[in-house]
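Student: As input, take query08.cif (mmCIF, C-alpha atoms and all ligand atoms):
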```cif
data_coords
#
loop_
_atom_site.group_PDB
_atom_site.id
_atom_site.type_symbol
_atom_site.label_atom_id
_atom_site.label_comp_id
_atom_site.auth_asym_id
_atom_site.auth_seq_id
_atom_site.Cartn_x
_atom_site.Cartn_y
_atom_site.Cartn_z
ATOM 1 C CA MET A 1 11.550 -17.553 11.254
ATOM 2 C CA THR A 2 13.078 -14.108 11.672
ATOM 3 C CA ALA A 3 15.935 -15.123 9.454
ATOM 4 C CA ASP A 4 13.455 -16.060 6.706
ATOM 5 C CA LEU A 5 11.561 -12.817 6.941
ATOM 6 C CA LEU A 6 14.193 -10.183 7.490
ATOM 7 C CA PRO A 7 15.952 -10.370 4.122
ATOM 8 C CA ALA A 8 12.565 -9.969 2.491
ATOM 9 C CA ALA A 9 11.800 -6.697 4.289
ATOM 10 C CA PRO A 10 10.348 -4.400 3.201
ATOM 11 C CA VAL A 11 7.562 -6.303 1.522
ATOM 12 C CA SER A 12 4.238 -5.134 0.121
ATOM 13 C CA ILE A 13 0.772 -5.819 1.409
ATOM 14 C CA TRP A 14 -0.124 -6.719 -2.174
ATOM 15 C CA GLN A 15 2.274 -9.655 -2.026
ATOM 16 C CA PRO A 16 1.208 -13.058 -0.657
ATOM 17 C CA VAL A 17 1.653 -13.543 3.079
ATOM 18 C CA HIS A 18 3.571 -16.567 4.349
ATOM 19 C CA LEU A 19 1.261 -18.432 6.716
ATOM 20 C CA GLY A 20 2.885 -21.835 7.146
ATOM 21 C CA THR A 21 3.519 -25.153 5.412
ATOM 22 C CA ASP A 22 1.190 -27.780 3.984
ATOM 23 C CA GLU A 23 1.391 -31.539 4.451
ATOM 24 C CA MET A 24 3.910 -31.813 1.628
ATOM 25 C CA GLY A 25 6.165 -29.324 3.373
ATOM 26 C CA GLN A 26 5.381 -26.651 0.763
ATOM 27 C CA GLY A 27 5.047 -23.052 1.876
ATOM 28 C CA VAL A 28 1.489 -21.757 2.111
ATOM 29 C CA HIS A 29 1.102 -18.150 0.955
ATOM 30 C CA VAL A 30 -2.126 -16.233 0.754
ATOM 31 C CA THR A 31 -2.828 -12.806 -0.698
ATOM 32 C CA LEU A 32 -4.681 -10.724 1.873
ATOM 33 C CA ALA A 33 -5.163 -7.538 -0.162
ATOM 34 C CA GLU A 34 -8.869 -7.234 -1.024
ATOM 35 C CA ARG A 35 -9.672 -10.105 1.341
ATOM 36 C CA ASN A 36 -10.627 -10.671 4.926
ATOM 37 C CA MET A 37 -10.069 -13.581 7.260
ATOM 38 C CA LEU A 38 -11.774 -15.162 10.238
ATOM 39 C CA VAL A 39 -9.598 -17.247 12.573
ATOM 40 C CA GLY A 40 -11.146 -19.597 15.132
ATOM 41 C CA GLY A 41 -10.266 -22.459 17.450
ATOM 42 C CA GLU A 42 -10.209 -23.460 21.078
ATOM 43 C CA PRO A 43 -8.009 -21.646 23.615
ATOM 44 C CA GLY A 44 -4.341 -22.385 23.042
ATOM 45 C CA SER A 45 -4.872 -23.751 19.535
ATOM 46 C CA GLY A 46 -2.812 -21.097 17.742
ATOM 47 C CA LYS A 47 -5.138 -18.237 16.769
ATOM 48 C CA SER A 48 -3.057 -15.385 18.152
ATOM 49 C CA VAL A 49 0.094 -16.787 16.564
ATOM 50 C CA ALA A 50 -1.814 -16.900 13.262
ATOM 51 C CA LEU A 51 -2.806 -13.237 13.603
ATOM 52 C CA GLN A 52 0.807 -12.302 14.295
ATOM 53 C CA LEU A 53 1.820 -13.688 10.884
ATOM 54 C CA ALA A 54 -0.551 -11.360 9.061
ATOM 55 C CA VAL A 55 0.407 -8.446 11.312
ATOM 56 C CA ALA A 56 4.138 -9.119 10.762
ATOM 57 C CA HIS A 57 3.677 -8.977 6.996
ATOM 58 C CA GLY A 58 1.618 -5.803 7.310
ATOM 59 C CA ALA A 59 4.149 -4.198 9.643
ATOM 60 C CA LEU A 60 6.973 -4.876 7.182
ATOM 61 C CA SER A 61 4.968 -3.477 4.269
ATOM 62 C CA PRO A 62 5.500 0.273 3.809
ATOM 63 C CA ASP A 63 2.194 0.353 1.914
ATOM 64 C CA CYS A 64 0.225 -0.960 4.905
ATOM 65 C CA ARG A 65 -1.085 0.775 8.011
ATOM 66 C CA LEU A 66 -1.856 -1.345 11.061
ATOM 67 C CA VAL A 67 -4.896 -1.017 13.270
ATOM 68 C CA LEU A 68 -4.643 -3.420 16.203
ATOM 69 C CA VAL A 69 -7.547 -4.258 18.487
ATOM 70 C CA ASP A 70 -6.508 -6.688 21.162
ATOM 71 C CA GLY A 71 -8.986 -8.124 23.622
ATOM 72 C CA LYS A 72 -6.252 -9.962 25.495
ATOM 73 C CA GLN A 73 -4.134 -6.816 25.583
ATOM 74 C CA VAL A 74 -0.831 -8.611 25.319
ATOM 75 C CA GLU A 75 -0.995 -10.604 22.090
ATOM 76 C CA LEU A 76 -0.582 -7.749 19.626
ATOM 77 C CA GLY A 77 1.070 -5.352 22.061
ATOM 78 C CA LEU A 78 4.570 -6.023 20.758
ATOM 79 C CA TRP A 79 3.526 -4.382 17.469
ATOM 80 C CA ARG A 80 2.214 -1.263 19.133
ATOM 81 C CA GLY A 81 5.119 0.885 17.932
ATOM 82 C CA CYS A 82 4.248 0.028 14.316
ATOM 83 C CA ALA A 83 0.521 0.618 14.617
ATOM 84 C CA GLU A 84 -1.502 3.598 13.480
ATOM 85 C CA ARG A 85 -3.999 2.796 16.222
ATOM 86 C CA PHE A 86 -3.740 0.311 19.044
ATOM 87 C CA VAL A 87 -6.703 -0.619 21.210
ATOM 88 C CA GLY A 88 -5.890 -2.658 24.303
ATOM 89 C CA GLY A 89 -4.959 -2.376 27.920
ATOM 90 C CA SER A 90 -7.382 -2.390 30.785
ATOM 91 C CA ASP A 91 -9.879 0.357 31.540
ATOM 92 C CA LYS A 92 -8.159 0.766 34.900
ATOM 93 C CA ARG A 93 -4.775 1.485 33.412
ATOM 94 C CA SER A 94 -5.804 3.761 30.565
ATOM 95 C CA GLY A 95 -8.486 5.524 32.585
ATOM 96 C CA LYS A 96 -10.951 5.190 29.730
ATOM 97 C CA SER A 97 -13.215 2.510 28.391
ATOM 98 C CA VAL A 98 -11.414 0.112 26.081
ATOM 99 C CA LEU A 99 -14.701 -0.710 24.384
ATOM 100 C CA ASP A 100 -15.313 3.008 23.708
ATOM 101 C CA ASP A 101 -11.804 3.231 22.318
ATOM 102 C CA ALA A 102 -12.505 0.230 20.053
ATOM 103 C CA ILE A 103 -15.757 1.841 18.883
ATOM 104 C CA ASP A 104 -13.984 5.164 18.191
ATOM 105 C CA THR A 105 -11.340 3.328 16.210
ATOM 106 C CA LEU A 106 -13.875 1.448 14.099
ATOM 107 C CA ARG A 107 -15.762 4.727 13.467
ATOM 108 C CA TRP A 108 -12.542 6.341 12.326
ATOM 109 C CA LEU A 109 -11.950 3.426 9.947
ATOM 110 C CA GLN A 110 -15.540 3.683 8.762
ATOM 111 C CA ASP A 111 -14.912 7.372 7.887
ATOM 112 C CA GLU A 112 -11.836 6.328 5.953
ATOM 113 C CA ILE A 113 -13.936 3.791 4.027
ATOM 114 C CA ASP A 114 -16.558 6.486 3.260
ATOM 115 C CA ASP A 115 -13.900 8.929 2.011
ATOM 116 C CA ARG A 116 -12.232 6.315 -0.143
ATOM 117 C CA LEU A 117 -15.476 5.032 -1.626
ATOM 118 C CA ASP A 118 -16.550 8.613 -2.458
ATOM 119 C CA TRP A 119 -13.244 9.228 -4.193
ATOM 120 C CA LEU A 120 -13.407 5.924 -6.107
ATOM 121 C CA LEU A 121 -16.939 6.677 -7.224
ATOM 122 C CA ASP A 122 -15.954 10.168 -8.369
ATOM 123 C CA HIS A 123 -13.119 8.635 -10.383
ATOM 124 C CA ARG A 124 -15.282 5.848 -11.806
ATOM 125 C CA MET A 125 -13.279 3.140 -10.087
ATOM 126 C CA ARG A 126 -14.696 0.118 -8.312
ATOM 127 C CA LYS A 127 -11.766 -0.661 -6.017
ATOM 128 C CA ILE A 128 -8.276 0.456 -5.155
ATOM 129 C CA THR A 129 -5.313 -0.788 -7.142
ATOM 130 C CA PRO A 130 -1.641 -0.770 -6.144
ATOM 131 C CA ASP A 131 -0.874 2.034 -8.613
ATOM 132 C CA LEU A 132 -3.061 4.431 -6.604
ATOM 133 C CA HIS A 133 -0.420 4.193 -3.865
ATOM 134 C CA TRP A 134 -2.985 4.438 -1.122
ATOM 135 C CA PRO A 135 -1.962 2.694 2.050
ATOM 136 C CA VAL A 136 -3.947 -0.442 2.736
ATOM 137 C CA PHE A 137 -5.213 -0.778 6.298
ATOM 138 C CA LEU A 138 -4.856 -4.138 7.984
ATOM 139 C CA ILE A 139 -7.108 -4.321 11.019
ATOM 140 C CA ALA A 140 -6.356 -7.241 13.297
ATOM 141 C CA VAL A 141 -8.872 -8.008 16.036
ATOM 142 C CA ASP A 142 -7.884 -10.639 18.594
ATOM 143 C CA GLU A 143 -10.649 -12.062 20.808
ATOM 144 C CA ILE A 144 -13.669 -10.442 19.130
ATOM 145 C CA ALA A 145 -15.814 -11.786 21.978
ATOM 146 C CA TYR A 146 -14.112 -9.497 24.474
ATOM 147 C CA PHE A 147 -15.634 -6.497 22.680
ATOM 148 C CA SER A 148 -18.844 -8.033 21.357
ATOM 149 C CA ALA A 149 -19.970 -10.033 24.381
ATOM 150 C CA THR A 150 -17.787 -9.483 27.460
ATOM 151 C CA ILE A 151 -16.965 -5.910 28.473
ATOM 152 C CA GLY A 152 -19.184 -2.824 28.553
ATOM 153 C CA THR A 153 -22.901 -2.464 28.083
ATOM 154 C CA SER A 154 -24.913 -4.515 25.636
ATOM 155 C CA VAL A 155 -25.677 -1.299 23.719
ATOM 156 C CA ALA A 156 -21.953 -0.631 23.264
ATOM 157 C CA GLN A 157 -21.280 -4.283 22.385
ATOM 158 C CA LYS A 158 -23.952 -4.092 19.690
ATOM 159 C CA GLU A 159 -22.470 -0.900 18.356
ATOM 160 C CA PHE A 160 -19.061 -2.549 18.151
ATOM 161 C CA SER A 161 -20.547 -5.501 16.237
ATOM 162 C CA ALA A 162 -22.479 -3.243 13.860
ATOM 163 C CA LEU A 163 -19.380 -1.175 13.058
ATOM 164 C CA ASN A 164 -17.297 -4.300 12.653
ATOM 165 C CA ARG A 165 -19.873 -5.717 10.285
ATOM 166 C CA ASP A 166 -19.813 -2.574 8.178
ATOM 167 C CA ILE A 167 -16.017 -2.578 7.990
ATOM 168 C CA VAL A 168 -15.900 -6.222 6.928
ATOM 169 C CA ALA A 169 -18.762 -5.710 4.461
ATOM 170 C CA ARG A 170 -17.469 -2.557 2.751
ATOM 171 C CA GLY A 171 -13.748 -2.663 3.492
ATOM 172 C CA ARG A 172 -12.527 -4.793 0.624
ATOM 173 C CA ALA A 173 -12.879 -2.417 -2.305
ATOM 174 C CA PRO A 174 -11.333 0.609 -0.552
ATOM 175 C CA GLY A 175 -8.386 -1.369 0.821
ATOM 176 C CA ILE A 176 -9.262 -2.302 4.388
ATOM 177 C CA ILE A 177 -8.313 -5.854 5.404
ATOM 178 C CA PRO A 178 -9.926 -7.258 8.548
ATOM 179 C CA VAL A 179 -8.246 -10.321 10.074
ATOM 180 C CA GLU A 180 -10.155 -11.324 13.172
ATOM 181 C CA ALA A 181 -9.923 -14.102 15.746
ATOM 182 C CA THR A 182 -12.344 -15.615 18.207
ATOM 183 C CA GLN A 183 -12.625 -18.979 19.926
ATOM 184 C CA ARG A 184 -15.930 -19.905 18.410
ATOM 185 C CA PRO A 185 -17.718 -17.548 16.039
ATOM 186 C CA SER A 186 -21.175 -18.581 17.226
ATOM 187 C CA ALA A 187 -24.108 -16.206 16.821
ATOM 188 C CA ASP A 188 -23.795 -14.848 20.373
ATOM 189 C CA ILE A 189 -20.237 -13.692 19.639
ATOM 190 C CA ILE A 190 -20.552 -12.405 16.106
ATOM 191 C CA PRO A 191 -23.789 -12.055 14.204
ATOM 192 C CA THR A 192 -24.141 -14.764 11.565
ATOM 193 C CA SER A 193 -24.512 -12.009 8.991
ATOM 194 C CA LEU A 194 -21.013 -10.810 9.911
ATOM 195 C CA ARG A 195 -19.468 -14.279 10.023
ATOM 196 C CA ASP A 196 -20.711 -15.077 6.544
ATOM 197 C CA LEU A 197 -18.949 -12.011 5.139
ATOM 198 C CA PHE A 198 -15.490 -13.407 5.829
ATOM 199 C CA GLY A 199 -13.998 -14.888 2.681
ATOM 200 C CA TYR A 200 -11.041 -16.705 4.189
ATOM 201 C CA ARG A 201 -11.500 -19.018 7.167
ATOM 202 C CA TRP A 202 -8.756 -20.479 9.286
ATOM 203 C CA ALA A 203 -9.786 -23.160 11.787
ATOM 204 C CA PHE A 204 -7.455 -24.362 14.522
ATOM 205 C CA ARG A 205 -8.277 -27.263 16.858
ATOM 206 C CA CYS A 206 -11.959 -27.334 17.879
ATOM 207 C CA SER A 207 -13.677 -29.603 20.375
ATOM 208 C CA THR A 208 -16.666 -30.385 18.153
ATOM 209 C CA GLU A 209 -17.498 -30.673 14.477
ATOM 210 C CA ALA A 210 -20.194 -28.039 14.950
ATOM 211 C CA SER A 211 -17.594 -25.532 16.186
ATOM 212 C CA SER A 212 -15.383 -26.357 13.250
ATOM 213 C CA ASP A 213 -18.264 -25.733 10.855
ATOM 214 C CA THR A 214 -18.971 -22.328 12.398
ATOM 215 C CA ILE A 215 -15.437 -21.354 11.415
ATOM 216 C CA LEU A 216 -14.909 -23.107 8.077
ATOM 217 C CA GLY A 217 -18.511 -22.776 6.962
ATOM 218 C CA HIS A 218 -21.547 -25.003 7.138
ATOM 219 C CA GLY A 219 -21.176 -28.548 5.825
ATOM 220 C CA TRP A 220 -17.389 -28.911 5.664
ATOM 221 C CA ALA A 221 -17.238 -31.357 8.599
ATOM 222 C CA SER A 222 -19.563 -33.759 6.781
ATOM 223 C CA LYS A 223 -17.169 -33.647 3.813
ATOM 224 C CA GLY A 224 -14.289 -34.677 6.071
ATOM 225 C CA TYR A 225 -12.822 -31.256 6.818
ATOM 226 C CA THR A 226 -13.097 -30.812 10.540
ATOM 227 C CA ALA A 227 -10.787 -29.154 13.021
ATOM 228 C CA GLU A 228 -12.087 -31.611 15.619
ATOM 229 C CA ASP A 229 -9.671 -34.159 14.153
ATOM 230 C CA ILE A 230 -6.633 -32.068 15.107
ATOM 231 C CA ASP A 231 -4.633 -33.488 18.002
ATOM 232 C CA PRO A 232 -4.878 -31.048 20.946
ATOM 233 C CA GLN A 233 -1.105 -31.297 21.317
ATOM 234 C CA SER A 234 -0.545 -30.186 17.741
ATOM 235 C CA ARG A 235 -0.677 -26.457 18.254
ATOM 236 C CA GLY A 236 -0.632 -24.489 15.056
ATOM 237 C CA VAL A 237 -2.100 -27.341 12.978
ATOM 238 C CA SER A 238 -5.202 -26.128 11.184
ATOM 239 C CA TRP A 239 -7.557 -26.153 8.237
ATOM 240 C CA LEU A 240 -7.248 -23.075 6.061
ATOM 241 C CA ARG A 241 -9.964 -22.266 3.546
ATOM 242 C CA ALA A 242 -8.621 -19.513 1.331
ATOM 243 C CA GLU A 243 -8.094 -18.819 -2.341
ATOM 244 C CA ASP A 244 -9.338 -22.051 -3.927
ATOM 245 C CA GLY A 245 -12.208 -22.409 -1.429
ATOM 246 C CA ILE A 246 -11.284 -25.950 -0.307
ATOM 247 C CA PRO A 247 -9.886 -26.380 3.210
ATOM 248 C CA ARG A 248 -6.221 -27.234 3.262
ATOM 249 C CA ARG A 249 -4.265 -28.734 6.138
ATOM 250 C CA VAL A 250 -1.660 -26.214 7.232
ATOM 251 C CA LYS A 251 0.891 -26.057 10.018
ATOM 252 C CA ALA A 252 1.031 -22.380 10.824
ATOM 253 C CA ALA A 253 4.412 -20.711 10.971
ATOM 254 C CA TYR A 254 5.518 -19.556 14.379
ATOM 255 C CA LEU A 255 7.016 -16.305 15.581
ATOM 256 C CA SER A 256 8.594 -16.348 19.011
ATOM 257 C CA ASP A 257 8.473 -13.200 21.130
ATOM 258 C CA ASP A 258 12.117 -12.559 20.226
ATOM 259 C CA ASP A 259 11.246 -12.858 16.524
ATOM 260 C CA ILE A 260 8.374 -10.436 16.951
ATOM 261 C CA ILE A 261 10.457 -7.911 18.850
ATOM 262 C CA ALA A 262 13.175 -8.041 16.179
ATOM 263 C CA LEU A 263 10.675 -7.684 13.334
ATOM 264 C CA ALA A 264 8.701 -4.963 15.097
ATOM 265 C CA ASP A 265 11.903 -2.941 15.631
ATOM 266 C CA VAL A 266 12.775 -3.193 11.923
ATOM 267 C CA ALA A 267 9.235 -2.239 10.967
ATOM 268 C CA ALA A 268 9.054 0.679 13.405
ATOM 269 C CA ALA A 269 12.389 2.061 12.143
ATOM 270 C CA MET A 270 11.162 1.751 8.546
ATOM 271 C CA ARG A 271 7.944 3.559 9.441
ATOM 272 C CA ALA A 272 9.743 6.363 11.257
ATOM 273 C CA GLN A 273 11.348 7.332 7.933
ATOM 274 C CA GLN A 274 8.061 7.536 6.075
ATOM 275 C CA PRO A 275 5.881 10.605 5.685
ATOM 276 C CA ALA A 276 2.544 10.369 7.479
ATOM 277 C CA THR A 277 0.074 9.273 4.824
ATOM 278 C CA SER A 278 -2.466 7.670 7.067
ATOM 279 C CA SER A 279 -5.434 9.650 5.914
ATOM 280 C CA THR A 280 -6.772 9.193 2.452
ATOM 281 C CA GLY A 281 -7.431 12.928 2.351
ATOM 282 C CA LYS A 282 -3.728 13.676 2.633
ATOM 283 C CA VAL A 283 -2.787 11.015 0.123
ATOM 284 C CA ILE A 284 -5.392 12.204 -2.321
ATOM 285 C CA ALA A 285 -4.414 15.858 -1.821
ATOM 286 C CA LEU A 286 -0.798 14.934 -2.509
ATOM 287 C CA ARG A 287 -1.700 12.959 -5.611
ATOM 288 C CA GLU A 288 -3.931 15.672 -6.973
ATOM 289 C CA GLY A 289 -1.343 18.280 -6.056
ATOM 290 C CA ASP A 290 1.207 16.271 -8.049
ATOM 291 C CA ALA A 291 -1.056 16.141 -11.034
ATOM 292 C CA ALA A 292 -1.833 19.868 -10.944
HETATM 293 N N1 LIG B 301 2.126 -22.428 14.687
HETATM 294 C C1 LIG B 301 2.606 -22.784 15.880
HETATM 295 N N2 LIG B 301 3.758 -23.471 15.970
HETATM 296 C C2 LIG B 301 4.256 -23.824 17.175
HETATM 297 N N3 LIG B 301 3.661 -23.547 18.360
HETATM 298 C C3 LIG B 301 2.523 -22.875 18.322
HETATM 299 C C4 LIG B 301 1.933 -22.457 17.099
HETATM 300 N N4 LIG B 301 0.782 -21.809 17.374
HETATM 301 C C5 LIG B 301 0.667 -21.816 18.708
HETATM 302 N N5 LIG B 301 1.702 -22.451 19.286
HETATM 303 C C6 LIG B 301 1.919 -22.630 20.731
HETATM 304 O O1 LIG B 301 0.670 -22.589 21.377
HETATM 305 C C7 LIG B 301 0.584 -21.502 22.285
HETATM 306 C C8 LIG B 301 -0.803 -20.888 22.222
HETATM 307 O O2 LIG B 301 -0.994 -20.294 20.960
HETATM 308 P P1 LIG B 301 -1.953 -19.038 20.797
HETATM 309 O O3 LIG B 301 -1.829 -18.567 19.404
HETATM 310 O O4 LIG B 301 -1.683 -18.052 21.867
HETATM 311 O O5 LIG B 301 -3.373 -19.711 21.037
HETATM 312 P P2 LIG B 301 -4.813 -19.056 21.034
HETATM 313 O O6 LIG B 301 -4.674 -17.634 20.598
HETATM 314 O O7 LIG B 301 -5.614 -19.870 20.068
HETATM 315 O O8 LIG B 301 -5.327 -19.183 22.426
HETATM 316 C C9 LIG B 301 1.684 -20.555 21.837
HETATM 317 O O9 LIG B 301 2.155 -19.770 22.907
HETATM 318 C C10 LIG B 301 2.728 -21.495 21.323
HETATM 319 O O10 LIG B 301 3.487 -22.022 22.388
HETATM 320 MG MG MG B 302 -5.190 -15.932 21.617
#
```
Just give me the structure as structure tokens.

Tutor:
Amino acid sequence: MTADLLPAAPVSIWQPVHLGTDEMGQGVHVTLAERNMLVGGEPGSGKSVALQLAVAHGALSPDCRLVLVDGKQVELGLWRGCAERFVGGSDKRSGKSVLDDAIDTLRWLQDEIDDRLDWLLDHRMRKITPDLHWPVFLIAVDEIAYFSATIGTSVAQKEFSALNRDIVARGRAPGIIPVEATQRPSADIIPTSLRDLFGYRWAFRCSTEASSDTILGHGWASKGYTAEDIDPQSRGVSWLRAEDGIPRRVKAAYLSDDDIIALADVAAAMRAQQPATSSTGKVIALREGDAA
């Protein structure tokens, strides 16, 4: 896949992201700007690979900043050199609480959302547009459950979930794209009120129809769209509910570790040549300075 992607670099986060192929062998591309996506499925079904596809596109987009929150610590780690913020690693190794680090990171993103929304309001705009030249933030969270139900205290877990909910709820207009994965987005892992905020759903193999419905949305299994029907051997096969709202059978594209390392090196080199424009404040100051 590297060979397919490299000639296209750099890309833009406003362009559709290549996610895989449909049953007719046609490429499946989805625009992530102004969207958010929930990825679910049983262990080994292909969720982390799916996240990598979005992260790869974001990494190769000079107009995108990456925020990576990785409960498994190793899935998104190869992109660390391209990321604005990376949350992962064990408490033991970093000497600090990974959950606290995740909470700090979400707070920082929440501040960015507040600043951007204030600016948009002041300028009588409802959402960002590419001509503003603000970087879009893509926040990828792998294994939500690690932060919302596994490590730390229940108070901290709740805080993580509340912040995450706010970012998913308010992030679209100011250019924050959450793409988040969990095995089963049941209410004990993510509050139903958060789950329902995700516009795009991507279901990999599930062991029951009920699990599939928690990912794709209530009632899809009874209409014949269930990730329970995916052969456990068929990793990467999935149902994707995106732009037209109807689930579509998709074989996700695959990036090997070598592909990821090659792409991440290209992306990191590209980023090293860019001025730091991570904070809206700086971008806005520059823009207003230009205009003055
Ligand atoms: N789209 C895909 N094409 C080919 N193989 C895949 C694909 N997705 C996953 N796999 C295989 O399945 C393994 C597990 O995938 P992974 O994304 O780590 O699962 P999960 O995150 O759901 O536990 C991968 O290491 C890879 O070998
Ligand atoms: Mg995984």

Student: Name the residues in contact with stretch 162-167 of chain A at a cut-off of 7 Å, using only C-alpha atoms, excluding same-chain residues fewer than 4 positions from it; report them as a list in words.

Tutor: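 The neighbour list is Leu106, Arg107, Gln110, Lys158, Gly171 and Leu194 of chain A.
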
Student: When you look at A:Trp108 with a cut-off of 12 Å (counting only C-alpha atoms), what residues show up, excluding the ones that are within fewer than 2 positions of it in the same chain? I need them as a ChimeraX atom specification.

Tutor: /A:67,84-85,101-106,110-115,137,163-164,167,278-280

Student: Counting only C-alpha atoms and all ligand atoms, what are the residues, protein, DNA or RNA alike, that approach ligand MG 302 (chain B) to within 7 Å? I want them as a tab-separated table (two decimals) with C-alpha atoms, in the coordinates of the input.

Tutor:
```tsv
chain	number	residue	atom	x	y	z
A	43	PRO	CA	-8.01	-21.65	23.62
A	44	GLY	CA	-4.34	-22.38	23.04
A	46	GLY	CA	-2.81	-21.10	17.74
A	47	LYS	CA	-5.14	-18.24	16.77
A	48	SER	CA	-3.06	-15.38	18.15
A	75	GLU	CA	-1.00	-10.60	22.09
A	142	ASP	CA	-7.88	-10.64	18.59
A	143	GLU	CA	-10.65	-12.06	20.81
```

Student: Give the answer as one residue: which of A:Ser61, A:Thr21, A:Thr192, A:Ser45 has the shortest atom-to-atom distance to A:Ala268, using all atoms listed in the file?

Tutor: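 The shortest atom-to-atom distance to A:Ala268 comes from A:Ser61.
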
Student: Restricting the calculation to all atoms listed in the file, which member of A:Leu38, A:Val87, A:Val266, A:Ala50 is positioned closest to ligand LIG 301 (chain B)?

Tutor: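 Closest to ligand LIG 301 (chain B), using all atoms listed in the file: A:Ala50.
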
Student: Return as a PyMOL selection string every polymer residue, whether protein, DNA or RNA, with at least one atom no more than 9 Å from an atom of ligand LIG 301 (chain B); count all atoms listed in the file.

Tutor: chain A and resi 19-20+39-52+75+142-143+181-183+204-205+233-238+251-256

Student: In terms of the shortest atom-to-atom distance over only C-alpha atoms, which of A:Ala145, A:Ala33, A:Val55, A:Leu120 is closest to A:Ile13?

Tutor: A:Ala33

Student: Calculate how many Å separate atom CA of A:Gln157 from atom CA of A:Ser186, rounding to one decimal.

Tutor: 15.2 Å
